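Structure file protein.txt with compact mmCIF, C-alpha atoms and all ligand atoms:
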# COMPACT_ATOMS: atom_id res chain seq x y z
CA MET A 1 78.71 80.40 12.46
CA ASN A 2 75.82 79.05 14.48
CA ASN A 3 72.74 81.25 14.50
CA ASN A 4 70.81 79.22 17.05
CA LEU A 5 73.61 79.44 19.56
CA LYS A 6 74.12 83.11 18.82
CA GLU A 7 70.43 83.80 19.40
CA GLN A 8 70.52 81.85 22.63
CA VAL A 9 73.55 83.73 23.96
CA LEU A 10 72.08 87.11 23.01
CA ARG A 11 68.76 86.32 24.63
CA SER A 12 70.23 84.80 27.76
CA SER A 13 72.74 87.63 28.32
CA GLY A 14 70.42 90.44 27.29
CA VAL A 15 73.49 92.14 25.80
CA ASN A 16 73.45 94.22 22.63
CA VAL A 17 76.85 93.34 21.16
CA LEU A 18 76.43 95.94 18.42
CA LYS A 19 76.97 98.73 20.95
CA CYS A 20 80.63 97.70 21.34
CA MET A 21 83.11 100.14 19.80
CA ARG A 22 86.08 97.78 20.37
CA CYS A 23 88.00 100.13 22.59
CA GLY A 24 89.37 97.20 24.61
CA LYS A 25 88.83 98.89 27.94
CA CYS A 26 87.04 95.83 29.35
CA SER A 27 90.02 93.60 28.57
CA GLY A 28 92.45 96.22 29.86
CA THR A 29 90.76 96.18 33.26
CA CYS A 30 90.09 92.43 33.44
CA PRO A 31 92.01 90.81 36.33
CA SER A 32 91.93 87.47 34.49
CA TYR A 33 93.45 88.85 31.30
CA ASP A 34 96.61 86.70 31.46
CA GLU A 35 94.66 83.53 32.18
CA MET A 36 92.15 83.98 29.37
CA GLU A 37 92.73 82.75 25.85
CA TYR A 38 89.85 84.98 24.66
CA HIS A 39 89.45 88.30 26.44
CA PRO A 40 86.20 90.08 27.29
CA HIS A 41 86.19 92.30 24.17
CA GLN A 42 86.82 89.19 22.04
CA PHE A 43 83.83 87.48 23.61
CA VAL A 44 81.67 90.39 22.53
CA TYR A 45 83.12 90.44 19.02
CA MET A 46 83.01 86.67 18.51
CA VAL A 47 79.40 86.49 19.66
CA GLU A 48 78.58 89.23 17.16
CA LYS A 49 80.23 87.09 14.46
CA GLY A 50 78.35 84.00 15.67
CA ASP A 51 81.54 82.16 16.53
CA ILE A 52 80.10 80.73 19.74
CA GLU A 53 81.48 77.18 19.63
CA THR A 54 85.08 78.37 19.78
CA LEU A 55 84.28 80.23 22.97
CA MET A 56 82.31 77.31 24.41
CA ASN A 57 85.31 75.04 23.93
CA SER A 58 87.77 77.47 25.50
CA LYS A 59 88.87 77.32 29.14
CA SER A 60 88.36 81.10 29.18
CA ILE A 61 84.74 80.66 30.23
CA TYR A 62 85.91 79.25 33.58
CA LYS A 63 88.50 81.97 34.18
CA CYS A 64 86.13 84.89 34.59
CA LEU A 65 86.06 86.02 38.24
CA THR A 66 82.60 87.61 37.99
CA CYS A 67 84.15 90.80 39.39
CA PHE A 68 82.01 93.08 37.18
CA ALA A 69 84.97 95.38 36.46
CA CYS A 70 84.29 95.13 32.72
CA VAL A 71 80.60 95.80 33.32
CA ASP A 72 81.23 98.98 35.29
CA ARG A 73 84.10 100.32 33.19
CA CYS A 74 82.79 99.82 29.67
CA PRO A 75 82.09 103.28 28.21
CA ARG A 76 79.23 101.86 26.11
CA ASN A 77 77.49 99.86 28.81
CA VAL A 78 77.88 96.61 26.87
CA GLU A 79 78.33 94.45 30.00
CA PRO A 80 80.76 91.83 28.63
CA ALA A 81 80.66 89.63 31.78
CA LYS A 82 77.05 88.78 30.93
CA VAL A 83 78.17 87.45 27.56
CA VAL A 84 80.87 85.33 29.22
CA GLU A 85 78.26 83.92 31.59
CA ALA A 86 75.76 83.20 28.82
CA VAL A 87 78.40 81.26 26.85
CA ARG A 88 79.38 79.33 29.98
CA LEU A 89 75.73 78.47 30.63
CA ALA A 90 75.29 77.31 27.03
CA THR A 91 78.18 74.93 27.66
CA ILE A 92 77.34 73.53 31.08
CA ARG A 93 73.65 73.13 30.32
CA LYS A 94 74.57 70.36 27.88
CA GLN A 95 74.19 66.89 29.35
CA GLY A 96 77.40 65.66 30.95
CA ASN A 97 79.15 69.00 30.69
CA ASN A 98 79.29 69.98 34.34
CA HIS A 99 82.65 71.54 34.99
CA LEU A 100 82.72 70.61 38.67
CA ILE A 101 82.33 66.99 39.69
CA ALA A 102 80.94 66.46 43.21
CA ASP A 103 83.18 63.45 43.80
CA ASN A 104 86.28 65.58 43.27
CA ILE A 105 85.31 68.16 45.85
CA PRO A 106 86.57 66.59 49.08
CA GLU A 107 90.18 66.79 47.95
CA MET A 108 89.79 70.49 47.15
CA LEU A 109 88.67 71.35 50.66
CA ASP A 110 90.73 72.66 53.53
CA GLU A 111 89.42 73.43 56.99
CA ASP A 112 89.26 77.19 56.42
CA LEU A 113 87.55 77.22 53.03
CA PRO A 114 84.27 79.14 53.40
CA GLN A 115 80.98 77.52 52.24
CA GLN A 116 80.65 80.46 49.94
CA ALA A 117 83.50 79.15 47.77
CA ILE A 118 81.83 75.76 47.33
CA VAL A 119 78.32 77.10 46.78
CA THR A 120 79.61 79.59 44.23
CA ALA A 121 81.66 77.02 42.35
CA PHE A 122 78.53 74.86 42.05
CA ARG A 123 76.49 77.76 40.87
CA LYS A 124 79.05 78.87 38.31
CA TYR A 125 80.22 75.54 36.98
CA THR A 126 77.27 73.15 37.18
CA LYS A 127 73.65 72.74 36.12
CA MET B 1 62.49 102.36 62.68
CA ASN B 2 65.57 100.86 64.27
CA THR B 3 64.53 97.27 63.75
CA PHE B 4 65.75 95.54 60.60
CA THR B 5 65.39 92.15 59.02
CA TYR B 6 68.84 90.57 59.09
CA TYR B 7 70.13 87.99 56.63
CA PRO B 8 73.34 86.36 57.89
CA GLY B 9 73.91 83.88 55.04
CA CYS B 10 75.27 80.35 55.20
CA THR B 11 78.95 81.17 55.60
CA LEU B 12 78.33 83.36 58.62
CA ARG B 13 76.80 80.37 60.33
CA THR B 14 79.89 78.27 59.84
CA LYS B 15 83.34 79.50 58.83
CA ALA B 16 82.69 83.20 59.29
CA LYS B 17 81.11 83.24 62.75
CA ASP B 18 83.23 86.22 63.77
CA LEU B 19 81.73 88.38 61.06
CA ASP B 20 78.24 87.56 62.37
CA VAL B 21 78.79 87.56 66.15
CA TYR B 22 80.47 90.97 66.17
CA ALA B 23 77.90 92.39 63.77
CA ARG B 24 75.10 91.40 66.15
CA SER B 25 76.71 92.55 69.40
CA SER B 26 77.75 95.87 67.86
CA ALA B 27 74.30 96.51 66.42
CA GLU B 28 72.75 95.94 69.82
CA ALA B 29 75.20 98.36 71.44
CA LEU B 30 74.29 100.94 68.78
CA GLY B 31 70.57 100.62 69.43
CA ILE B 32 69.78 98.60 66.31
CA THR B 33 67.65 95.46 66.53
CA LEU B 34 68.36 92.76 63.97
CA GLU B 35 65.66 90.17 63.38
CA GLU B 36 66.46 87.06 61.44
CA PRO B 37 63.68 85.67 59.24
CA GLU B 38 62.70 82.05 59.83
CA ASN B 39 63.86 79.41 57.38
CA TRP B 40 66.04 81.52 55.14
CA GLN B 41 68.02 79.72 52.45
CA CYS B 42 71.54 80.25 51.14
CA CYS B 43 71.52 82.83 48.36
CA GLY B 44 73.87 80.83 46.13
CA GLY B 45 76.96 82.96 46.49
CA ALA B 46 77.07 84.47 43.00
CA TYR B 47 74.39 86.30 41.10
CA THR B 48 73.45 84.66 37.81
CA THR B 49 72.95 87.59 35.48
CA ALA B 50 71.37 85.48 32.70
CA LYS B 51 67.78 86.43 31.91
CA ASP B 52 66.76 82.80 31.35
CA GLU B 53 67.91 81.76 34.82
CA ILE B 54 64.97 81.95 37.20
CA ALA B 55 65.42 79.13 39.71
CA THR B 56 68.81 80.46 40.87
CA LYS B 57 67.20 83.78 41.81
CA LEU B 58 64.38 82.46 43.96
CA SER B 59 66.09 82.13 47.34
CA ALA B 60 67.18 85.78 47.24
CA VAL B 61 63.63 86.84 46.33
CA ARG B 62 62.21 84.82 49.23
CA THR B 63 64.51 86.69 51.60
CA LEU B 64 63.56 90.04 50.10
CA ASN B 65 59.90 89.15 50.38
CA ALA B 66 60.27 88.08 54.02
CA ALA B 67 61.57 91.58 54.78
CA LYS B 68 58.72 93.11 52.81
CA GLU B 69 56.17 91.11 54.78
CA ALA B 70 57.81 92.14 58.05
CA GLY B 71 57.63 95.74 56.80
CA ARG B 72 61.32 96.38 57.37
CA PRO B 73 64.48 97.13 55.43
CA LEU B 74 66.86 94.20 54.96
CA ILE B 75 70.42 94.20 56.28
CA THR B 76 73.20 91.95 55.02
CA VAL B 77 76.83 91.84 56.04
CA CYS B 78 78.60 89.27 53.83
CA SER B 79 79.69 91.06 50.63
CA ALA B 80 78.60 88.15 48.48
CA CYS B 81 75.09 87.81 49.96
CA HIS B 82 74.75 91.53 49.68
CA ASN B 83 75.74 91.51 46.03
CA VAL B 84 73.38 88.66 45.14
CA ILE B 85 70.45 90.18 47.00
CA LYS B 86 70.96 93.71 45.68
CA GLN B 87 71.40 92.56 42.07
CA THR B 88 68.30 90.39 42.38
CA ASN B 89 66.32 93.30 43.76
CA TYR B 90 67.58 95.59 41.01
CA ASP B 91 66.62 93.20 38.23
CA ILE B 92 63.21 92.42 39.77
CA SER B 93 62.53 96.16 39.92
CA ASN B 94 63.71 96.90 36.39
CA ASP B 95 62.92 93.83 34.32
CA GLU B 96 59.19 93.17 34.24
CA GLU B 97 59.51 89.93 32.35
CA MET B 98 61.91 88.52 34.89
CA ALA B 99 59.72 89.72 37.75
CA ALA B 100 56.72 88.01 36.17
CA LYS B 101 58.57 84.70 35.75
CA VAL B 102 59.88 84.77 39.30
CA ASN B 103 56.43 85.48 40.69
CA ASN B 104 54.93 82.67 38.65
CA TYR B 105 57.20 80.28 40.46
CA LEU B 106 56.80 81.71 43.92
CA LYS B 107 53.04 82.18 44.03
CA LEU B 108 53.20 84.66 46.91
CA ASP B 109 50.06 86.21 48.36
CA GLU B 110 51.14 89.44 46.74
CA ALA B 111 53.71 89.61 43.92
CA TYR B 112 57.18 90.82 44.91
CA ILE B 113 58.38 93.59 42.61
CA GLY B 114 61.35 95.05 44.44
CA GLU B 115 59.71 96.88 47.35
CA THR B 116 62.34 96.07 49.98
CA THR B 117 65.20 98.47 50.74
CA VAL B 118 68.49 96.63 51.16
CA TYR B 119 71.33 97.98 53.26
CA HIS B 120 74.77 96.61 53.71
CA TYR B 121 75.78 96.75 57.38
CA LEU B 122 78.25 99.51 56.48
CA GLU B 123 75.43 101.54 54.94
CA MET B 124 73.45 101.05 58.14
CA LEU B 125 76.41 102.47 60.09
CA ARG B 126 76.66 105.43 57.71
CA ASP B 127 72.99 106.19 57.03
CA VAL B 128 71.12 105.00 60.12
CA VAL B 129 73.58 105.24 63.02
CA GLY B 130 75.80 107.91 61.44
CA PHE B 131 79.61 107.83 61.65
CA ASP B 132 79.60 110.87 63.96
CA ASN B 133 77.41 109.04 66.44
CA LEU B 134 79.51 105.92 66.13
CA LYS B 135 82.60 107.98 66.95
CA LYS B 136 81.04 109.11 70.21
CA LYS B 137 80.54 105.50 71.31
CA VAL B 138 84.14 104.40 70.74
CA VAL B 139 85.88 103.35 73.96
CA ASN B 140 88.95 101.61 72.47
CA SER B 141 90.26 103.88 69.76
CA PHE B 142 92.40 102.54 66.93
CA LYS B 143 94.50 105.70 67.12
CA GLY B 144 97.83 105.32 65.38
CA LYS B 145 96.75 102.19 63.46
CA LYS B 146 97.09 102.32 59.70
CA ILE B 147 94.15 100.38 58.34
CA ALA B 148 93.62 99.42 54.70
CA ALA B 149 89.99 98.97 53.62
CA TYR B 150 89.53 96.18 51.11
CA TYR B 151 86.34 96.57 49.10
CA GLY B 152 87.12 93.89 46.55
CA CYS B 153 84.62 93.61 43.77
CA LEU B 154 81.29 92.62 45.27
CA LEU B 155 80.58 95.58 47.55
CA LEU B 156 80.71 98.15 44.77
CA ARG B 157 79.84 96.52 41.46
CA PRO B 158 77.81 96.60 39.31
CA SER B 159 77.45 100.12 40.67
CA LYS B 160 74.03 100.81 39.18
CA ALA B 161 72.60 97.90 41.21
CA LEU B 162 74.78 98.16 44.31
CA ALA B 163 74.61 101.97 44.56
CA MET B 164 76.52 102.03 47.82
CA ASP B 165 79.37 104.37 46.98
CA ASP B 166 81.48 105.78 44.14
CA PRO B 167 82.80 102.52 42.59
CA GLU B 168 86.13 104.05 41.56
CA ASN B 169 86.74 106.25 44.58
CA PRO B 170 84.79 104.82 47.49
CA SER B 171 84.95 106.27 51.01
CA ILE B 172 82.47 104.37 53.19
CA MET B 173 85.04 102.00 54.71
CA GLU B 174 87.62 104.76 55.13
CA ASP B 175 85.01 106.86 56.96
CA PHE B 176 84.31 103.85 59.17
CA ILE B 177 88.05 103.55 59.93
CA LYS B 178 88.19 107.23 60.86
CA ALA B 179 85.15 106.87 63.10
CA ILE B 180 86.89 104.17 65.16
CA GLY B 181 89.99 106.35 65.42
CA GLY B 182 92.24 104.67 62.84
CA THR B 183 94.11 106.12 59.87
CA PRO B 184 92.81 104.85 56.51
CA VAL B 185 95.37 103.72 53.95
CA ILE B 186 94.51 104.34 50.31
CA TYR B 187 96.05 101.87 47.85
CA ALA B 188 95.50 101.04 44.20
CA GLN B 189 94.06 97.53 44.56
CA ARG B 190 91.40 98.33 47.16
CA ASN B 191 88.53 97.94 44.68
CA GLU B 192 90.03 95.25 42.45
CA CYS B 193 89.03 91.61 42.76
CA CYS B 194 91.23 89.28 44.84
CA GLY B 195 90.29 86.25 42.76
CA GLY B 196 88.58 84.47 45.64
CA TYR B 197 85.88 82.96 43.45
CA ILE B 198 88.47 81.05 41.42
CA THR B 199 90.15 79.37 44.39
CA MET B 200 88.64 75.93 43.66
CA GLU B 201 89.18 76.22 39.92
CA ASP B 202 92.64 77.71 39.70
CA LYS B 203 94.56 78.18 42.94
CA ALA B 204 97.56 79.76 41.20
CA GLN B 205 95.39 82.53 39.85
CA ALA B 206 93.81 83.13 43.27
CA SER B 207 97.31 83.35 44.79
CA LYS B 208 98.54 85.75 42.17
CA ARG B 209 95.56 88.10 42.55
CA SER B 210 95.50 88.06 46.34
CA ALA B 211 99.26 88.68 46.57
CA LYS B 212 98.78 91.71 44.36
CA VAL B 213 96.14 93.14 46.72
CA MET B 214 98.19 92.48 49.85
CA ASP B 215 101.42 93.88 48.38
CA SER B 216 99.61 97.00 47.25
CA ALA B 217 98.25 97.61 50.78
CA GLN B 218 101.59 96.86 52.42
CA GLU B 219 103.49 99.20 50.10
CA GLN B 220 101.27 102.03 51.31
CA GLY B 221 102.20 101.22 54.89
CA ALA B 222 99.13 99.32 56.12
CA ASP B 223 99.34 97.62 59.54
CA ILE B 224 96.16 95.63 58.95
CA ILE B 225 93.59 95.12 56.21
CA ILE B 226 89.81 94.79 56.71
CA THR B 227 87.08 93.16 54.64
CA ALA B 228 83.37 92.28 54.75
CA CYS B 229 83.75 89.12 52.66
CA PRO B 230 84.53 85.65 54.10
CA LEU B 231 86.00 84.57 50.78
CA CYS B 232 88.29 87.61 50.61
CA LEU B 233 89.41 86.88 54.16
CA TYR B 234 90.21 83.29 53.29
CA ASN B 235 91.91 84.10 50.03
CA LEU B 236 93.98 87.03 51.35
CA LYS B 237 95.06 85.03 54.40
CA LYS B 238 95.69 81.64 52.87
CA ASN B 239 96.60 82.14 49.25
CA SER B 240 98.54 85.41 49.15
CA GLY B 241 101.66 84.35 51.03
CA SER B 242 101.58 87.71 52.81
CA ASP B 243 101.68 88.12 56.60
CA LEU B 244 99.64 91.34 56.72
CA PRO B 245 96.86 90.62 59.26
CA VAL B 246 93.32 90.42 57.79
CA TYR B 247 90.18 91.08 59.87
CA TYR B 248 86.47 91.47 59.40
CA PHE B 249 85.42 95.10 59.82
CA THR B 250 82.86 93.96 62.39
CA GLU B 251 85.61 92.64 64.64
CA LEU B 252 87.26 96.07 64.75
CA LEU B 253 83.87 97.65 65.34
CA ALA B 254 83.18 95.39 68.33
CA GLU B 255 86.63 96.06 69.72
CA ALA B 256 86.23 99.82 69.32
CA LEU B 257 82.89 99.64 71.14
CA GLY B 258 84.49 97.70 74.00
CA LEU B 259 82.54 94.53 73.25
CA LYS B 260 85.50 92.20 72.87
CA GLU B 261 86.76 90.84 76.16
CA ALA B 262 90.05 89.92 74.54
CA ASN B 263 92.86 92.37 75.23
CA ASN B 264 93.82 94.90 72.60
CA GLU B 265 96.35 93.94 70.01
S1 LIG C 1 84.85 98.20 26.98
FE1 LIG C 1 82.82 98.01 26.07
S2 LIG C 1 82.95 99.10 24.16
FE2 LIG C 1 85.03 98.75 24.84
S3 LIG C 1 85.61 96.82 23.85
FE3 LIG C 1 84.81 96.30 25.85
S4 LIG C 1 82.67 95.89 25.48
FE4 LIG C 1 83.40 96.98 23.70
S1 LIG C 2 83.82 90.03 35.14
FE1 LIG C 2 85.10 88.45 34.22
S2 LIG C 2 85.56 89.20 32.21
FE2 LIG C 2 84.78 90.93 33.34
S3 LIG C 2 86.60 91.92 34.15
FE3 LIG C 2 85.91 90.51 35.73
S4 LIG C 2 87.04 88.64 35.32
FE4 LIG C 2 87.21 89.88 33.48
S1 LIG C 3 76.89 84.68 49.74
FE1 LIG C 3 77.60 83.09 50.45
S2 LIG C 3 77.55 83.07 52.46
FE2 LIG C 3 76.21 84.46 51.75
S3 LIG C 3 74.37 83.10 51.82
FE3 LIG C 3 75.15 83.33 49.86
S4 LIG C 3 76.37 81.62 49.60
FE4 LIG C 3 75.95 81.76 51.64
S1 LIG C 4 86.59 87.18 47.38
FE1 LIG C 4 87.51 88.28 45.73
S2 LIG C 4 85.95 87.77 44.38
FE2 LIG C 4 85.02 87.77 46.25
S3 LIG C 4 84.41 89.75 46.81
FE3 LIG C 4 86.15 89.24 47.58
S4 LIG C 4 87.30 90.34 46.02
FE4 LIG C 4 85.61 89.82 44.99
Written as C-alpha cells, how would this file's structure read?
Amino acid sequence: MNNNLKEQVLRSSGVNVLKCMRCGKCSGTCPSYDEMEYHPHQFVYMVEKGDIETLMNSKSIYKCLTCFACVDRCPRNVEPAKVVEAVRLATIRKQGNNHLIADNIPEMLDEDLPQQAIVTAFRKYTK
Amino acid sequence: MNTFTYYPGCTLRTKAKDLDVYARSSAEALGITLEEPENWQCCGGAYTTAKDEIATKLSAVRTLNAAKEAGRPLITVCSACHNVIKQTNYDISNDEEMAAKVNNYLKLDEAYIGETTVYHYLEMLRDVVGFDNLKKKVVNSFKGKKIAAYYGCLLLRPSKALAMDDPENPSIMEDFIKAIGGTPVIYAQRNECCGGYITMEDKAQASKRSAKVMDSAQEQGADIIITACPLCLYNLKKNSGSDLPVYYFTELLAEALGLKEANNE
C-alpha cells in the first residue's frame, strides 16, 4: 500500500475508482485481454486498494492499445484506460525507466512503417 | 464558408501521401478550399489523457488556435490526428484547470478555450458537401464492389469527445460507400482496434488483432477494405497475413470523382 503513489495516480488520471461496480465489462471488451497479466477492471480495483507498485512492475502497462473501448463501454463511466495510462506515466517518469530506447529503434523500422507508429511509441513509452 | 483550415499531419507528408493527395484533389473538385496553416507541428500521434500532462497537448492546441485565428473550422483526415485534436479540444472546453495551464504555457494574444469546430474529412463530406451531392458528382461508380469500412478505434472513441457517429453502430463510412456506388459490408470487427499502436512493442499482438479484423471482413464477403488511418493501413496490410486489398477512403473518392488517371481496378 503506497498512499503517495495512489494519490498521484488518482490525480493524474482524474478517475474516481469508487464508481466501479466490478462488472468486468471493460475487461470483457479489451482487445489486449490475453496479453495482459492485470486486466482493466483489476487496474481500477488495485488502484483503489493502493497496490500501485505491482501494476507499475507489470508488463501490462505496455500492452494497452489506447483503443478507448473500455472507456466507452463502461456502464459507470469509470474510464479504466486513464488509470492504465496514469500508472504507466508513474513508471516511465522515473529516471532511467524509459521503455523505448532510441538506439534500438533502427532495427524495428521497415520501409512502410508510418511516422505515426514511431511518434506514438515515443509518446506512450518515454518521458 | 467553404474554406477550411486543413491539418495534414506528419505521416501524410511522408508514408501516407496518397491519403493527403487524394483528399486535396477531391476537396477541390467538390468546391471546398483547404488552407494549411504555416508551421504546424506533429500532434504526437496519441492523446495523453493524464491531467498532469500539459506539454504533450500544446502542439494540438496551437493547431486549433491557428484555425481560430483564421476564423475557420479545422479539417483533419488522419484518424490519429483527428482523435488527438478532438480530445484536446474537448478537454480544453470542459476542464478549466487544464485550459488555464495550457494557456499559461502558450501565452497567446487571446486565451484558447475550445472555440474551433473540428471536422473529420468524412464529416465534411456528410455535413458540408452532403452525400447526395457527392453522389451526383460520381463519374466512376463502384457499382458491384463490396466494400468494408474499417473505423478502428480512433475515429469513434471516446464518443463523448469524438461525437462523429454512433460508436457501436456507425454509418458515416457506409453512407460514403453508398454515395460512390459501392455496397457496404457490415462485419463485427469494424469498430474494434487492429492493434496498430502496439506494432513496435509487440508485433505478434499486432498480427493477431489485424488478422482478426481482416478475417471478419472477408467472411462477410468484402472485396476491399477502406480506412482513414495510416497505421491501420500499414498494420492490416503488413501484419495480418491477409490478401484483402486495403485502401484509403480518399483514394476511392478520387477515383469515383474521375480524378485518378490510373485505370480502374
Ligand atoms: S466496466 Fe466500469 S464498472 Fe465495470 S468493472 Fe470495468 S471499470 Fe468497473
Ligand atoms: S484502452 Fe487499453 S485497457 Fe482499455 S480496452 Fe483498449 S486496450 Fe484494453
Ligand atoms: S497522428 Fe500521427 S500523423 Fe497525425 S500528426 Fe499526429 S503523429 Fe503525425
Ligand atoms: S491503427 Fe489500430 S490502433 Fe490505430 S486507429 Fe487504427 S485501429 Fe486503432
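Nearest to chain B of all the residues A:Met46, A:Cys67, A:Met56, A:Ile61 is A:Cys67, counting all atoms listed in the file.
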* So which residues are near ligand LIG 4 (chain C), meaning at most 6 Å away with only C-alpha atoms and all ligand atoms counted, given back as a list in words? -> Cys67 of chain A; Gly152, Cys153, Leu154, Cys193, Cys194, Gly195, Gly196, Tyr197, Cys229, Leu231 and Cys232 of chain B
* To do: Give as an MDAnalysis selection string each residue that has an atom at most 12 Å from (75.3, 84.5, 17.9) in the file, counting all atoms listed in the file.
  => chainID A and resid 1:13 15:18 43:56 83 86:87 90
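Across the structure, atom CA of Ala188 of chain B and atom CA of Ala211 of chain B are spaced 13.1 Å apart.
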* Using all atoms listed in the file, find the residues of chain A whose closest atom to chain B is at most 6 Å away, then write them as number ranges by chain. => A: 12-13, 67-68, 72, 114-116, 119-120
* To do: Excluding Trp40 of chain B and residues on its chain fewer than 3 positions from it, collect all residues at most 10 Å away from it, counting all atoms listed in the file, and give them as a list of chain:residue names.
  =>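 Those residues are B:Tyr7, B:Pro8, B:Gly9, B:Cys10, B:Glu36, B:Pro37, B:Cys43, B:Ser59, B:Ala60, B:Arg62, B:Thr63, B:Ala66.
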* So which residues are near ligand LIG 2 (chain C), meaning at most 8 Å away with only C-alpha atoms and all ligand atoms counted, given back as a list of chain:residue names? ->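 Final answer, ordered by chain and number: A:Cys26, A:Ser27, A:Thr29, A:Cys30, A:Pro31, A:Ser32, A:Tyr33, A:His39, A:Pro40, A:Lys63, A:Cys64, A:Leu65, A:Thr66, A:Cys67, A:Phe68, A:Ala69, A:Cys70, A:Val71, A:Pro80, A:Ala81, A:Val84, B:Cys193.
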* To do: Measuring atom to atom with all atoms listed in the file, identify which of B:Asp91, B:Ser25, B:Glu174, B:Asn103 is nearest to Ala256 of chain B.
  =>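 For Ala256 of chain B, the nearest of the given residues is B:Ser25.
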* To do: Find the residues around Gly144 of chain B up to 10 Å (all atoms listed in the file counted), leave out those fewer than 5 positions away in its own chain, and share them as a ChimeraX atom specification.
  => /B:181-183,223
* Enumerate residues in contact with ligand LIG 1 (chain C): an atom-to-atom distance of at most 6 Å, counting only C-alpha atoms and all ligand atoms. Format the result as a PyMOL selection string. => chain A and resi 20-26+41+74-76+78+80
Kindly save the residues from that selection, with C-alpha atoms included, as an mmCIF file, in the frame of the given file.
data_model
loop_
_atom_site.group_PDB
_atom_site.id
_atom_site.type_symbol
_atom_site.label_atom_id
_atom_site.label_comp_id
_atom_site.auth_asym_id
_atom_site.auth_seq_id
_atom_site.Cartn_x
_atom_site.Cartn_y
_atom_site.Cartn_z
ATOM 1 C CA CYS A 20 80.630 97.700 21.340
ATOM 2 C CA MET A 21 83.110 100.140 19.800
ATOM 3 C CA ARG A 22 86.080 97.780 20.370
ATOM 4 C CA CYS A 23 88.000 100.130 22.590
ATOM 5 C CA GLY A 24 89.370 97.200 24.610
ATOM 6 C CA LYS A 25 88.830 98.890 27.940
ATOM 7 C CA CYS A 26 87.040 95.830 29.350
ATOM 8 C CA HIS A 41 86.190 92.300 24.170
ATOM 9 C CA CYS A 74 82.790 99.820 29.670
ATOM 10 C CA PRO A 75 82.090 103.280 28.210
ATOM 11 C CA ARG A 76 79.230 101.860 26.110
ATOM 12 C CA VAL A 78 77.880 96.610 26.870
ATOM 13 C CA PRO A 80 80.760 91.830 28.630
#
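Put simply, atom CA of Leu259 of chain B is 20.6 Å away from atom CA of Thr76 of chain B.
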Provide an axis-aligned box for all listed atoms of segment 100-114 of chain B, padding each side by 3 Å; report its centre and its edge lengths in Å to one decimal, as AutoDock Vina command-line options.
--center_x 55.7 --center_y 87.7 --center_z 42.1 --size_x 17.3 --size_y 20.8 --size_z 18.6
* Kindly give the distance, in Å, that separates atom CA of Asn2 of chain B and atom CA of Glu38 of chain B, rounded to a single decimal. =>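 Atom-to-atom, atom CA of Asn2 of chain B and atom CA of Glu38 of chain B are spaced 19.5 Å apart.
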* To do: Determine, counting all atoms listed in the file, which protein, DNA and RNA residues have an atom within 9 Å of an atom of Asn140 of chain B; residues of the same chain fewer than 3 positions away are not included. Present the result as a PyMOL selection string.
  => chain B and resi 143+180-181+255-258+264
Go ahead and save the residues from that selection, with C-alpha atoms, as a PDB file, keeping the file's coordinate frame.
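Result written to part.pdb:
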ATOM      1  CA  LYS B 143      94.500 105.700  67.120  1.00  0.00           C
ATOM      2  CA  ILE B 180      86.890 104.170  65.160  1.00  0.00           C
ATOM      3  CA  GLY B 181      89.990 106.350  65.420  1.00  0.00           C
ATOM      4  CA  GLU B 255      86.630  96.060  69.720  1.00  0.00           C
ATOM      5  CA  ALA B 256      86.230  99.820  69.320  1.00  0.00           C
ATOM      6  CA  LEU B 257      82.890  99.640  71.140  1.00  0.00           C
ATOM      7  CA  GLY B 258      84.490  97.700  74.000  1.00  0.00           C
ATOM      8  CA  ASN B 264      93.820  94.900  72.600  1.00  0.00           C
TER       9      ASN B 264
END
* To do: Would you mind listing what lies within 8 Å of His99 of chain A as an MDAnalysis selection string, with only C-alpha atoms counted and same-chain residues fewer than 3 positions away left out?
  => chainID A and resid 92 125:126
Residues just named, written with C-alpha atoms as an mmCIF file, in the coordinates of the input:
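What landed in part_10.cif:
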data_model
loop_
_atom_site.group_PDB
_atom_site.id
_atom_site.type_symbol
_atom_site.label_atom_id
_atom_site.label_comp_id
_atom_site.auth_asym_id
_atom_site.auth_seq_id
_atom_site.Cartn_x
_atom_site.Cartn_y
_atom_site.Cartn_z
ATOM 1 C CA ILE A 92 77.340 73.530 31.080
ATOM 2 C CA TYR A 125 80.220 75.540 36.980
ATOM 3 C CA THR A 126 77.270 73.150 37.180
#
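With distances restricted to all atoms listed in the file, B:Ser79 is the closest residue to ligand LIG 3 (chain C) from B:Val21, B:Ser79, B:Thr117, B:Leu252.
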* To do: Take the point (97.8, 87.1, 47.6) in the file's coordinates, draw a sphere of radius 7 Å around it, and report as number ranges by chain every protein, DNA or RNA residue with an atom inside or on it, counting all atoms listed in the file.
  => B: 207-214, 236, 239-242
* Point out the residue among B:Ala228, B:Ala55, B:His82, B:Thr116 with the least atom-to-atom distance to ligand LIG 3 (chain C), counting only C-alpha atoms and all ligand atoms. =>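 Among the listed residues, the smallest separation from ligand LIG 3 (chain C) belongs to B:His82.
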Taking N, CA, C and O atoms as the atom set, what does segment 128-132 of chain B look like once completed, written as an mmCIF file, keeping the file's coordinate frame?
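As written to disk, result_16.cif reads:
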data_model
loop_
_atom_site.group_PDB
_atom_site.id
_atom_site.type_symbol
_atom_site.label_atom_id
_atom_site.label_comp_id
_atom_site.auth_asym_id
_atom_site.auth_seq_id
_atom_site.Cartn_x
_atom_site.Cartn_y
_atom_site.Cartn_z
ATOM 1 N N VAL B 128 72.087 105.115 59.019
ATOM 2 C CA VAL B 128 71.120 105.000 60.120
ATOM 3 C C VAL B 128 71.754 105.457 61.431
ATOM 4 O O VAL B 128 71.253 106.352 62.101
ATOM 5 N N VAL B 129 72.890 104.854 61.780
ATOM 6 C CA VAL B 129 73.580 105.240 63.020
ATOM 7 C C VAL B 129 74.277 106.589 62.815
ATOM 8 O O VAL B 129 74.136 107.506 63.631
ATOM 9 N N GLY B 130 75.010 106.700 61.712
ATOM 10 C CA GLY B 130 75.800 107.910 61.440
ATOM 11 C C GLY B 130 77.209 107.738 62.007
ATOM 12 O O GLY B 130 77.376 107.345 63.155
ATOM 13 N N PHE B 131 78.241 108.022 61.175
ATOM 14 C CA PHE B 131 79.610 107.830 61.650
ATOM 15 C C PHE B 131 79.960 108.772 62.799
ATOM 16 O O PHE B 131 80.768 108.444 63.659
ATOM 17 N N ASP B 132 79.334 109.961 62.851
ATOM 18 C CA ASP B 132 79.600 110.870 63.960
ATOM 19 C C ASP B 132 79.117 110.294 65.279
ATOM 20 O O ASP B 132 79.789 110.402 66.309
#
